[in-house]
>>> print(open('coords_23.txt').read())   # compact mmCIF, C-alpha atoms
# COMPACT_ATOMS: atom_id res chain seq x y z
CA MET E 138 -5.35 -14.62 3.76
CA GLN E 139 -7.21 -11.40 2.99
CA LEU E 140 -7.07 -9.47 -0.27
CA THR E 141 -7.95 -5.83 0.22
CA PRO E 142 -8.24 -3.71 -2.94
CA GLN E 143 -7.23 -0.14 -2.13
CA HIS E 144 -8.28 2.12 -4.97
CA GLN E 145 -5.91 4.82 -6.16
CA LYS E 146 -6.50 7.51 -8.76
CA ILE E 147 -3.39 7.00 -10.86
CA SER E 148 -4.76 9.30 -13.54
CA LYS E 149 -7.73 11.60 -13.80
CA ASP E 150 -9.86 9.25 -15.91
CA THR E 151 -8.60 5.75 -15.11
CA PRO E 152 -9.42 4.23 -11.72
CA VAL E 153 -6.69 1.79 -10.74
CA LYS E 154 -6.60 -0.53 -7.76
CA ARG E 155 -3.65 -1.99 -5.93
CA LEU E 156 -4.19 -5.43 -4.42
CA TRP E 157 -2.93 -5.59 -0.85
CA VAL E 158 -2.31 -8.97 0.75
CA ALA E 159 -3.00 -8.13 4.38
CA GLN E 160 -2.40 -11.65 5.72
CA PHE E 161 -0.84 -14.73 4.14
CA VAL E 162 -0.86 -17.81 6.35
CA ILE E 163 -0.35 -21.52 5.68
CA LEU E 164 -1.23 -23.63 8.71
CA PRO E 165 1.78 -25.53 10.14
CA GLN E 166 0.46 -28.98 9.23
CA PHE E 167 0.23 -27.98 5.56
CA ARG E 168 3.60 -26.25 5.18
CA GLY E 169 6.45 -27.58 3.08
CA ARG E 170 4.16 -28.90 0.35
CA GLY E 171 4.27 -25.97 -2.04
CA HIS E 172 0.82 -24.63 -1.09
CA GLY E 173 2.18 -21.15 -0.41
CA LYS E 174 3.76 -20.86 -3.85
CA LYS E 175 0.61 -22.11 -5.57
CA LEU E 176 -1.52 -19.64 -3.62
CA LEU E 177 0.74 -16.71 -4.50
CA GLN E 178 0.79 -17.79 -8.15
CA THR E 179 -3.02 -17.77 -8.09
CA ILE E 180 -3.07 -14.27 -6.61
CA TYR E 181 -0.86 -13.00 -9.44
CA LYS E 182 -3.00 -14.84 -12.00
CA LEU E 183 -6.13 -13.13 -10.67
CA ALA E 184 -4.35 -9.76 -10.70
CA ARG E 185 -3.23 -10.21 -14.31
CA GLY E 186 -6.82 -10.94 -15.29
CA ASP E 187 -7.99 -7.52 -14.13
CA PRO E 188 -6.75 -4.60 -16.30
CA GLN E 189 -7.51 -2.14 -13.48
CA VAL E 190 -5.04 -3.80 -11.08
CA LEU E 191 -1.78 -1.86 -10.93
CA ASP E 192 0.21 -4.38 -8.89
CA VAL E 193 0.21 -6.64 -5.83
CA GLU E 194 1.64 -5.48 -2.51
CA VAL E 195 2.11 -7.41 0.72
CA GLU E 196 1.78 -5.94 4.18
CA SER E 197 4.52 -6.64 6.76
CA ALA E 198 6.02 -9.57 4.83
CA THR E 199 8.23 -11.93 6.84
CA PRO E 200 11.72 -12.90 5.60
CA GLU E 201 10.36 -16.37 4.77
CA PHE E 202 7.55 -14.91 2.68
CA ARG E 203 9.90 -12.49 0.91
CA GLY E 204 12.11 -15.40 -0.12
CA MET E 205 9.14 -17.39 -1.43
CA ARG E 206 7.77 -14.34 -3.22
CA LYS E 207 11.04 -13.72 -5.02
CA SER E 208 11.21 -17.39 -6.05
CA VAL E 209 7.65 -17.28 -7.45
CA GLU E 210 8.21 -14.01 -9.30
CA LEU E 211 11.50 -15.15 -10.83
CA ALA E 212 9.81 -18.36 -12.01
CA ILE E 213 7.01 -16.32 -13.62
CA LEU E 214 9.55 -14.15 -15.42
CA ARG E 215 11.56 -17.15 -16.63
CA ASP E 216 8.44 -18.95 -17.87
CA ALA E 217 7.65 -15.86 -19.93
CA SER E 218 11.28 -15.62 -21.14
CA MET E 219 11.50 -12.15 -19.59
CA ALA E 220 14.24 -12.63 -17.00
CA ARG E 221 16.83 -11.52 -19.56
CA VAL E 222 15.00 -8.20 -19.93
CA LEU E 223 15.75 -7.33 -16.30
CA ARG E 224 19.43 -7.95 -16.94
CA GLY E 225 19.55 -5.33 -19.66
CA THR E 226 20.56 -1.69 -19.52
CA GLU E 227 17.17 -0.39 -20.76
CA VAL E 228 14.48 -1.97 -18.58
CA PRO E 229 10.81 -1.19 -19.43
CA TRP E 230 9.74 -0.95 -15.78
CA GLY E 231 6.22 0.28 -16.43
CA ASP E 232 5.53 -2.39 -19.06
CA LEU E 233 6.75 -5.15 -16.74
CA GLN E 234 4.63 -3.83 -13.87
CA ALA E 235 1.55 -3.71 -16.12
CA ARG E 236 2.10 -7.20 -17.53
CA PHE E 237 3.08 -9.14 -14.42
CA LYS E 238 1.53 -6.98 -11.64
CA PHE E 239 4.80 -6.95 -9.69
CA SER E 240 5.29 -3.79 -7.63
CA MET E 241 8.03 -1.43 -8.75
CA SER E 242 10.07 -2.09 -5.62
CA GLN E 243 9.83 -5.85 -6.27
CA LEU E 244 11.00 -5.37 -9.86
CA PHE E 245 14.07 -3.52 -8.60
CA LEU E 246 14.80 -6.36 -6.16
CA LEU E 247 14.38 -8.97 -8.90
CA ALA E 248 16.69 -7.00 -11.19
CA ASP E 249 19.23 -6.88 -8.39
CA ALA E 250 18.96 -10.67 -7.92
CA LEU E 251 19.47 -11.22 -11.66
CA GLY E 252 22.62 -9.09 -11.75
CA SER E 253 21.08 -6.15 -13.59
CA SER E 254 22.82 -2.83 -14.12
CA VAL E 255 20.49 -1.38 -11.46
CA LYS E 256 22.34 -3.44 -8.86
CA GLY E 257 23.90 -0.35 -7.30
CA ARG E 258 20.65 1.55 -7.08
CA GLY E 259 18.50 2.12 -4.05
CA VAL E 260 19.65 2.85 -0.50
CA LYS E 261 22.61 0.66 0.48
CA ARG E 262 23.83 0.47 4.07
CA THR E 263 27.10 -1.07 5.16
CA ASN E 264 28.74 -1.26 8.58
CA ASN E 265 31.93 0.49 7.49
CA GLN E 266 30.23 3.59 6.04
CA THR E 267 29.27 6.69 8.00
CA TYR E 268 26.50 7.47 5.51
CA PRO E 269 24.29 5.13 3.47
CA ALA E 270 24.85 5.23 -0.27
CA VAL E 271 22.35 5.88 -3.06
CA ALA E 272 23.59 4.75 -6.49
CA GLY E 273 27.04 4.47 -4.88
CA ILE E 274 27.02 8.08 -3.59
CA PRO E 275 27.06 8.78 0.20
CA VAL E 276 23.88 10.59 1.26
CA ASP E 277 22.78 12.13 4.55
CA MET E 278 19.63 10.00 4.66
CA ASP E 279 18.60 11.12 8.16
CA SER E 280 18.27 14.69 6.87
CA LEU E 281 16.46 13.51 3.74
CA TYR E 282 13.98 11.34 5.68
CA THR E 283 13.20 14.14 8.14
CA ARG E 284 12.54 16.78 5.49
CA ALA E 285 10.60 14.46 3.17
CA GLN E 286 8.40 13.45 6.09
CA ALA E 287 7.05 17.02 6.12
CA LEU E 288 5.46 16.21 2.76
CA GLY E 289 3.91 13.02 4.06
CA PHE E 290 6.49 10.57 2.69
CA THR E 291 7.22 7.55 4.87
CA LYS E 292 10.69 6.03 4.96
CA PRO E 293 9.69 2.94 2.90
CA GLU E 294 7.99 5.15 0.29
CA LEU E 295 11.10 7.29 -0.04
CA ASP E 296 13.36 4.24 -0.27
CA ASP E 297 11.12 2.97 -3.07
CA LEU E 298 11.46 6.23 -4.99
CA LEU E 299 15.25 6.21 -4.62
CA HIS E 300 15.54 2.94 -6.55
CA ALA E 301 15.06 5.04 -9.68
CA ILE E 302 18.13 7.18 -8.90
CA GLY E 303 21.27 6.52 -10.88
CA PRO E 304 24.82 7.88 -10.50
CA GLU E 305 24.12 10.47 -13.19
CA ASP E 306 21.40 12.01 -10.99
CA LEU E 307 23.96 12.80 -8.28
CA GLU E 308 26.80 13.81 -10.55
CA GLY E 309 28.88 16.67 -9.18
CA VAL E 310 27.53 16.73 -5.62
CA GLN E 311 30.01 17.73 -2.92
CA GLY E 312 29.40 15.56 0.12
CA PRO E 313 26.46 13.70 1.72
CA GLU E 314 24.58 16.86 2.71
CA GLU E 315 24.54 18.25 -0.84
CA ALA E 316 23.52 14.81 -2.14
CA ALA E 317 20.54 14.88 0.25
CA ASP E 318 19.60 18.35 -1.02
CA ARG E 319 19.75 17.15 -4.64
CA LEU E 320 17.52 14.17 -3.90
CA LEU E 321 15.08 16.32 -1.92
CA GLU E 322 14.70 18.60 -4.93
CA GLY E 323 13.66 15.57 -6.95
CA VAL E 324 11.11 14.55 -4.31
CA TYR E 325 9.62 18.05 -4.24
CA LEU E 326 9.41 18.20 -8.04
CA ALA E 327 7.58 14.84 -8.00
CA VAL E 328 5.05 16.36 -5.60
CA VAL E 329 4.66 19.37 -7.90
CA SER E 330 3.98 16.99 -10.79
CA ASP E 331 1.31 15.19 -8.74
CA LEU E 332 -0.32 18.52 -7.80
CA ALA E 333 -0.33 19.62 -11.43
CA SER E 334 -1.90 16.32 -12.50
CA ALA E 335 -4.58 16.69 -9.82
CA GLU E 336 -5.33 20.17 -11.23
CA GLY E 337 -6.02 18.60 -14.61
CA LEU E 338 -2.90 19.82 -16.43
CA SER E 339 -1.70 17.91 -19.48
CA ASP E 340 1.76 16.33 -19.65
CA MET E 341 3.02 19.30 -21.68
CA GLU E 342 1.56 21.75 -19.17
CA ILE E 343 3.11 19.80 -16.29
CA ASP E 344 6.51 20.14 -17.98
CA MET E 345 5.81 23.87 -18.36
CA ALA E 346 4.95 24.16 -14.66
CA LEU E 347 8.09 22.27 -13.62
CA GLY E 348 10.13 24.68 -15.71
CA LYS E 349 8.63 27.66 -13.89
CA VAL E 350 9.22 26.52 -10.29
CA LYS E 351 12.61 26.84 -8.64
CA ALA E 352 13.76 23.72 -6.84
CA SER E 353 15.85 25.85 -4.49
CA GLU E 354 12.65 27.57 -3.29
CA LEU E 355 10.77 24.31 -2.91
CA VAL E 356 13.29 22.76 -0.54
CA GLU E 357 12.76 25.65 1.87
CA CYS E 358 9.11 24.61 2.34
CA GLN E 359 8.53 22.86 5.66
CA SER E 360 4.99 21.62 5.02
CA VAL E 361 2.56 20.70 2.27
CA ARG E 362 0.74 23.99 2.90
CA ALA E 363 3.92 25.99 2.37
CA LEU E 364 4.66 24.01 -0.77
CA ALA E 365 1.15 24.64 -2.09
CA ALA E 366 1.58 28.38 -1.48
CA VAL E 367 4.58 28.34 -3.83
CA VAL E 368 3.25 25.92 -6.44
CA LEU E 369 -0.46 26.69 -6.85
CA PRO E 370 0.11 30.23 -8.24
CA VAL E 371 2.40 28.70 -10.87
CA LEU E 372 -0.24 26.12 -11.81
CA LYS E 373 -2.84 28.89 -12.00
CA GLN E 374 -0.53 30.84 -14.31
CA VAL E 375 -0.14 27.81 -16.60
CA LYS E 376 -3.92 27.31 -16.66
CA THR E 377 -4.44 30.98 -17.49
CA SER E 378 -2.00 30.82 -20.38
CA ARG E 379 -3.91 27.78 -21.66
CA LYS E 380 -7.18 29.77 -21.69
CA GLY E 381 -5.44 32.66 -23.42
CA THR E 382 -4.15 30.31 -26.12
CA TRP E 383 -7.60 28.85 -26.69
CA SER E 384 -9.18 32.29 -26.99
CA THR E 385 -6.83 33.45 -29.72
>>> encode(input="coords_23.txt", output="structure tokens")
Amino acid sequence: MQLTPQHQKISKDTPVKRLWVAQFVILPQFRGRGHGKKLLQTIYKLARGDPQVLDVEVESATPEFRGMRKSVELAILRDASMARVLRGTEVPWGDLQARFKFSMSQLFLLADALGSSVKGRGVKRTNNQTYPAVAGIPVDMDSLYTRAQALGFTKPELDDLLHAIGPEDLEGVQGPEEAADRLLEGVYLAVVSDLASAEGLSDMEIDMALGKVKASELVECQSVRALAAVVLPVLKQVKTSRKGTWST
């Protein structure tokens, strides 16, 4: 087993690290005795003891490990009397991530296992559907993956983001292609928010910047450079208005 902290700047002032389990191996002669569960429990205990740890992620997990991981995480939630929270309609995702150090994608999976109202969220694929469904709505995911890749999003990263999509986010779309366009707008706006944060804008200023950009223009961008050419002037304008306010 190897724990590799990979530091990420989640905010401008707070360094946060994500613990990556690169390898998790129990030798054959020691399997079946609960050592794996105890080891994973210890990893989470160490993570919870460090306020700078965002969550724990596992690289290339096998089906066997994923099953054990879910069992351990559900047990942790039940011991803390928090399993019922994931069954509710208003789930405090960020608070749960901060308290238990479960990744957001794992929390969605656990909620699904517990019969939460988020059960229909995420990308669902069935053999009898031409298109996969997101929140129960058919989406041209091939188109979405291809265009989001231009911004540097991998397929797993995009799938993770789409767990937050509910039916209300796709209300009124006409067909899988339009649904893909709607979701892509959301992805692009998330990138704009990240760019604004990197430029040092406050939450209020980020909201102002998002109000100034046109999602329909963003989706025409075929690269990060093209996106920056559209967004950076808007961020500069917001910064300038800030200076003007301070000088008055």
>>> closest_atom_pairs(input="coords_23.txt", of="range 225-315 of chain E", to="range 193-214 of chain E", cutoff="8 Å", atoms="all atoms listed in the file", output="Markdown table")
| residue | atom | partner | partner_atom | distance |
| --- | --- | --- | --- | --- |
| E:Lys238 | CA | E:Val193 | CA | 6.0 |
| E:Phe239 | CA | E:Val193 | CA | 6.0 |
| E:Ser240 | CA | E:Val193 | CA | 6.1 |
| E:Leu247 | CA | E:Lys207 | CA | 7.0 |
>>> residues_around(input="coords_23.txt", residues="range 182-184 of chain E", least_positions_apart="4", cutoff="10 Å", atoms="all atoms listed in the file", output="short mmCIF file (atom, residue, chain, number, x, y, z; two decimals) with C-alpha atoms, in the frame of the given file")
data_model
loop_
_atom_site.label_atom_id
_atom_site.label_comp_id
_atom_site.auth_asym_id
_atom_site.auth_seq_id
_atom_site.Cartn_x
_atom_site.Cartn_y
_atom_site.Cartn_z
CA LYS E 154 -6.60 -0.53 -7.76
CA ARG E 155 -3.65 -1.99 -5.93
CA LEU E 156 -4.19 -5.43 -4.42
CA LEU E 176 -1.52 -19.64 -3.62
CA LEU E 177 0.74 -16.71 -4.50
CA GLN E 178 0.79 -17.79 -8.15
CA PRO E 188 -6.75 -4.60 -16.30
CA GLN E 189 -7.51 -2.14 -13.48
CA VAL E 190 -5.04 -3.80 -11.08
CA LEU E 191 -1.78 -1.86 -10.93
CA ASP E 192 0.21 -4.38 -8.89
CA VAL E 193 0.21 -6.64 -5.83
CA ARG E 236 2.10 -7.20 -17.53
CA PHE E 237 3.08 -9.14 -14.42
CA LYS E 238 1.53 -6.98 -11.64
CA PHE E 239 4.80 -6.95 -9.69
#
>>> atom_distance(input="coords_23.txt", atom1="CA of Ser253 in chain E", atom2="CA of Ala270 in chain E")
17.9 Å
>>> residues_around(input="coords_23.txt", residues="Leu369 in chain E", least_positions_apart="3", cutoff="12 Å", atoms="all atoms listed in the file", output="ChimeraX atom specification")
/E:328-336,346-347,349-350,361-366,372-376
>>> residues_around(input="coords_23.txt", residues="Ala352 in chain E", least_positions_apart="2", cutoff="8 Å", atoms="only C-alpha atoms", output="ChimeraX atom specification")
/E:322,325-326,350,354-356
>>> closest_residue(input="coords_23.txt", among="E:Pro229, E:Gly323, E:Gly289, E:Gly252", to="Ser353 in chain E", atoms="only C-alpha atoms")
E:Gly323
>>> closest_residue(input="coords_23.txt", among="E:Ala217, E:Ala272, E:Ala250, E:Leu223", to="Leu320 in chain E", atoms="all atoms listed in the file")
E:Ala272
>>> atom_distance(input="coords_23.txt", atom1="CA of Arg215 in chain E", atom2="CA of His300 in chain E")
22.8 Å
>>> build_atoms(input="coords_23.txt", residues="range 309-330 of chain E", atoms="N, CA, C and O atoms", output="PDB file, keeping the file's coordinate frame")
ATOM      1  N   GLY E 309      28.375  15.360  -9.562  1.00  0.00           N
ATOM      2  CA  GLY E 309      28.880  16.670  -9.180  1.00  0.00           C
ATOM      3  C   GLY E 309      28.568  17.113  -7.769  1.00  0.00           C
ATOM      4  O   GLY E 309      28.996  18.197  -7.371  1.00  0.00           O
ATOM      5  N   VAL E 310      27.850  16.309  -6.988  1.00  0.00           N
ATOM      6  CA  VAL E 310      27.530  16.730  -5.620  1.00  0.00           C
ATOM      7  C   VAL E 310      28.797  16.701  -4.762  1.00  0.00           C
ATOM      8  O   VAL E 310      29.677  15.857  -4.949  1.00  0.00           O
ATOM      9  N   GLN E 311      28.856  17.630  -3.807  1.00  0.00           N
ATOM     10  CA  GLN E 311      30.010  17.730  -2.920  1.00  0.00           C
ATOM     11  C   GLN E 311      29.606  17.318  -1.506  1.00  0.00           C
ATOM     12  O   GLN E 311      29.210  18.143  -0.698  1.00  0.00           O
ATOM     13  N   GLY E 312      29.664  16.043  -1.227  1.00  0.00           N
ATOM     14  CA  GLY E 312      29.400  15.560   0.120  1.00  0.00           C
ATOM     15  C   GLY E 312      27.977  15.051   0.327  1.00  0.00           C
ATOM     16  O   GLY E 312      27.071  15.310  -0.473  1.00  0.00           O
ATOM     17  N   PRO E 313      27.758  14.307   1.416  1.00  0.00           N
ATOM     18  CA  PRO E 313      26.460  13.700   1.720  1.00  0.00           C
ATOM     19  C   PRO E 313      25.324  14.691   1.901  1.00  0.00           C
ATOM     20  O   PRO E 313      24.180  14.412   1.533  1.00  0.00           O
ATOM     21  N   GLU E 314      25.629  15.863   2.482  1.00  0.00           N
ATOM     22  CA  GLU E 314      24.580  16.860   2.710  1.00  0.00           C
ATOM     23  C   GLU E 314      24.058  17.417   1.382  1.00  0.00           C
ATOM     24  O   GLU E 314      22.844  17.559   1.189  1.00  0.00           O
ATOM     25  N   GLU E 315      24.961  17.726   0.457  1.00  0.00           N
ATOM     26  CA  GLU E 315      24.540  18.250  -0.840  1.00  0.00           C
ATOM     27  C   GLU E 315      23.798  17.172  -1.638  1.00  0.00           C
ATOM     28  O   GLU E 315      22.854  17.479  -2.377  1.00  0.00           O
ATOM     29  N   ALA E 316      24.217  15.912  -1.471  1.00  0.00           N
ATOM     30  CA  ALA E 316      23.520  14.810  -2.140  1.00  0.00           C
ATOM     31  C   ALA E 316      22.081  14.706  -1.634  1.00  0.00           C
ATOM     32  O   ALA E 316      21.145  14.491  -2.414  1.00  0.00           O
ATOM     33  N   ALA E 317      21.896  14.897  -0.317  1.00  0.00           N
ATOM     34  CA  ALA E 317      20.540  14.880   0.250  1.00  0.00           C
ATOM     35  C   ALA E 317      19.706  16.016  -0.310  1.00  0.00           C
ATOM     36  O   ALA E 317      18.522  15.837  -0.628  1.00  0.00           O
ATOM     37  N   ASP E 318      20.317  17.205  -0.459  1.00  0.00           N
ATOM     38  CA  ASP E 318      19.600  18.350  -1.020  1.00  0.00           C
ATOM     39  C   ASP E 318      19.172  18.068  -2.462  1.00  0.00           C
ATOM     40  O   ASP E 318      18.048  18.388  -2.865  1.00  0.00           O
ATOM     41  N   ARG E 319      20.054  17.457  -3.242  1.00  0.00           N
ATOM     42  CA  ARG E 319      19.750  17.150  -4.640  1.00  0.00           C
ATOM     43  C   ARG E 319      18.571  16.169  -4.726  1.00  0.00           C
ATOM     44  O   ARG E 319      17.662  16.350  -5.548  1.00  0.00           O
ATOM     45  N   LEU E 320      18.601  15.145  -3.886  1.00  0.00           N
ATOM     46  CA  LEU E 320      17.520  14.170  -3.900  1.00  0.00           C
ATOM     47  C   LEU E 320      16.209  14.780  -3.422  1.00  0.00           C
ATOM     48  O   LEU E 320      15.131  14.458  -3.943  1.00  0.00           O
ATOM     49  N   LEU E 321      16.298  15.668  -2.432  1.00  0.00           N
ATOM     50  CA  LEU E 321      15.080  16.320  -1.920  1.00  0.00           C
ATOM     51  C   LEU E 321      14.430  17.172  -3.005  1.00  0.00           C
ATOM     52  O   LEU E 321      13.203  17.217  -3.111  1.00  0.00           O
ATOM     53  N   GLU E 322      15.245  17.827  -3.821  1.00  0.00           N
ATOM     54  CA  GLU E 322      14.700  18.600  -4.930  1.00  0.00           C
ATOM     55  C   GLU E 322      13.874  17.709  -5.845  1.00  0.00           C
ATOM     56  O   GLU E 322      12.791  18.089  -6.292  1.00  0.00           O
ATOM     57  N   GLY E 323      14.384  16.515  -6.109  1.00  0.00           N
ATOM     58  CA  GLY E 323      13.660  15.570  -6.950  1.00  0.00           C
ATOM     59  C   GLY E 323      12.338  15.153  -6.335  1.00  0.00           C
ATOM     60  O   GLY E 323      11.322  15.024  -7.034  1.00  0.00           O
ATOM     61  N   VAL E 324      12.342  14.929  -5.014  1.00  0.00           N
ATOM     62  CA  VAL E 324      11.110  14.550  -4.310  1.00  0.00           C
ATOM     63  C   VAL E 324      10.085  15.670  -4.415  1.00  0.00           C
ATOM     64  O   VAL E 324       8.907  15.435  -4.701  1.00  0.00           O
ATOM     65  N   TYR E 325      10.529  16.909  -4.193  1.00  0.00           N
ATOM     66  CA  TYR E 325       9.620  18.050  -4.240  1.00  0.00           C
ATOM     67  C   TYR E 325       9.051  18.238  -5.656  1.00  0.00           C
ATOM     68  O   TYR E 325       7.864  18.534  -5.831  1.00  0.00           O
ATOM     69  N   LEU E 326       9.881  18.058  -6.664  1.00  0.00           N
ATOM     70  CA  LEU E 326       9.410  18.200  -8.040  1.00  0.00           C
ATOM     71  C   LEU E 326       8.391  17.107  -8.378  1.00  0.00           C
ATOM     72  O   LEU E 326       7.446  17.345  -9.152  1.00  0.00           O
ATOM     73  N   ALA E 327       8.564  15.912  -7.796  1.00  0.00           N
ATOM     74  CA  ALA E 327       7.580  14.840  -8.000  1.00  0.00           C
ATOM     75  C   ALA E 327       6.237  15.230  -7.396  1.00  0.00           C
ATOM     76  O   ALA E 327       5.179  14.949  -7.970  1.00  0.00           O
ATOM     77  N   VAL E 328       6.280  15.892  -6.233  1.00  0.00           N
ATOM     78  CA  VAL E 328       5.050  16.360  -5.600  1.00  0.00           C
ATOM     79  C   VAL E 328       4.386  17.434  -6.455  1.00  0.00           C
ATOM     80  O   VAL E 328       3.160  17.451  -6.629  1.00  0.00           O
ATOM     81  N   VAL E 329       5.197  18.326  -7.014  1.00  0.00           N
ATOM     82  CA  VAL E 329       4.660  19.370  -7.900  1.00  0.00           C
ATOM     83  C   VAL E 329       3.954  18.719  -9.097  1.00  0.00           C
ATOM     84  O   VAL E 329       2.860  19.127  -9.502  1.00  0.00           O
ATOM     85  N   SER E 330       4.582  17.692  -9.653  1.00  0.00           N
ATOM     86  CA  SER E 330       3.980  16.990 -10.790  1.00  0.00           C
ATOM     87  C   SER E 330       2.643  16.377 -10.408  1.00  0.00           C
ATOM     88  O   SER E 330       1.672  16.442 -11.173  1.00  0.00           O
TER      89      SER E 330
END
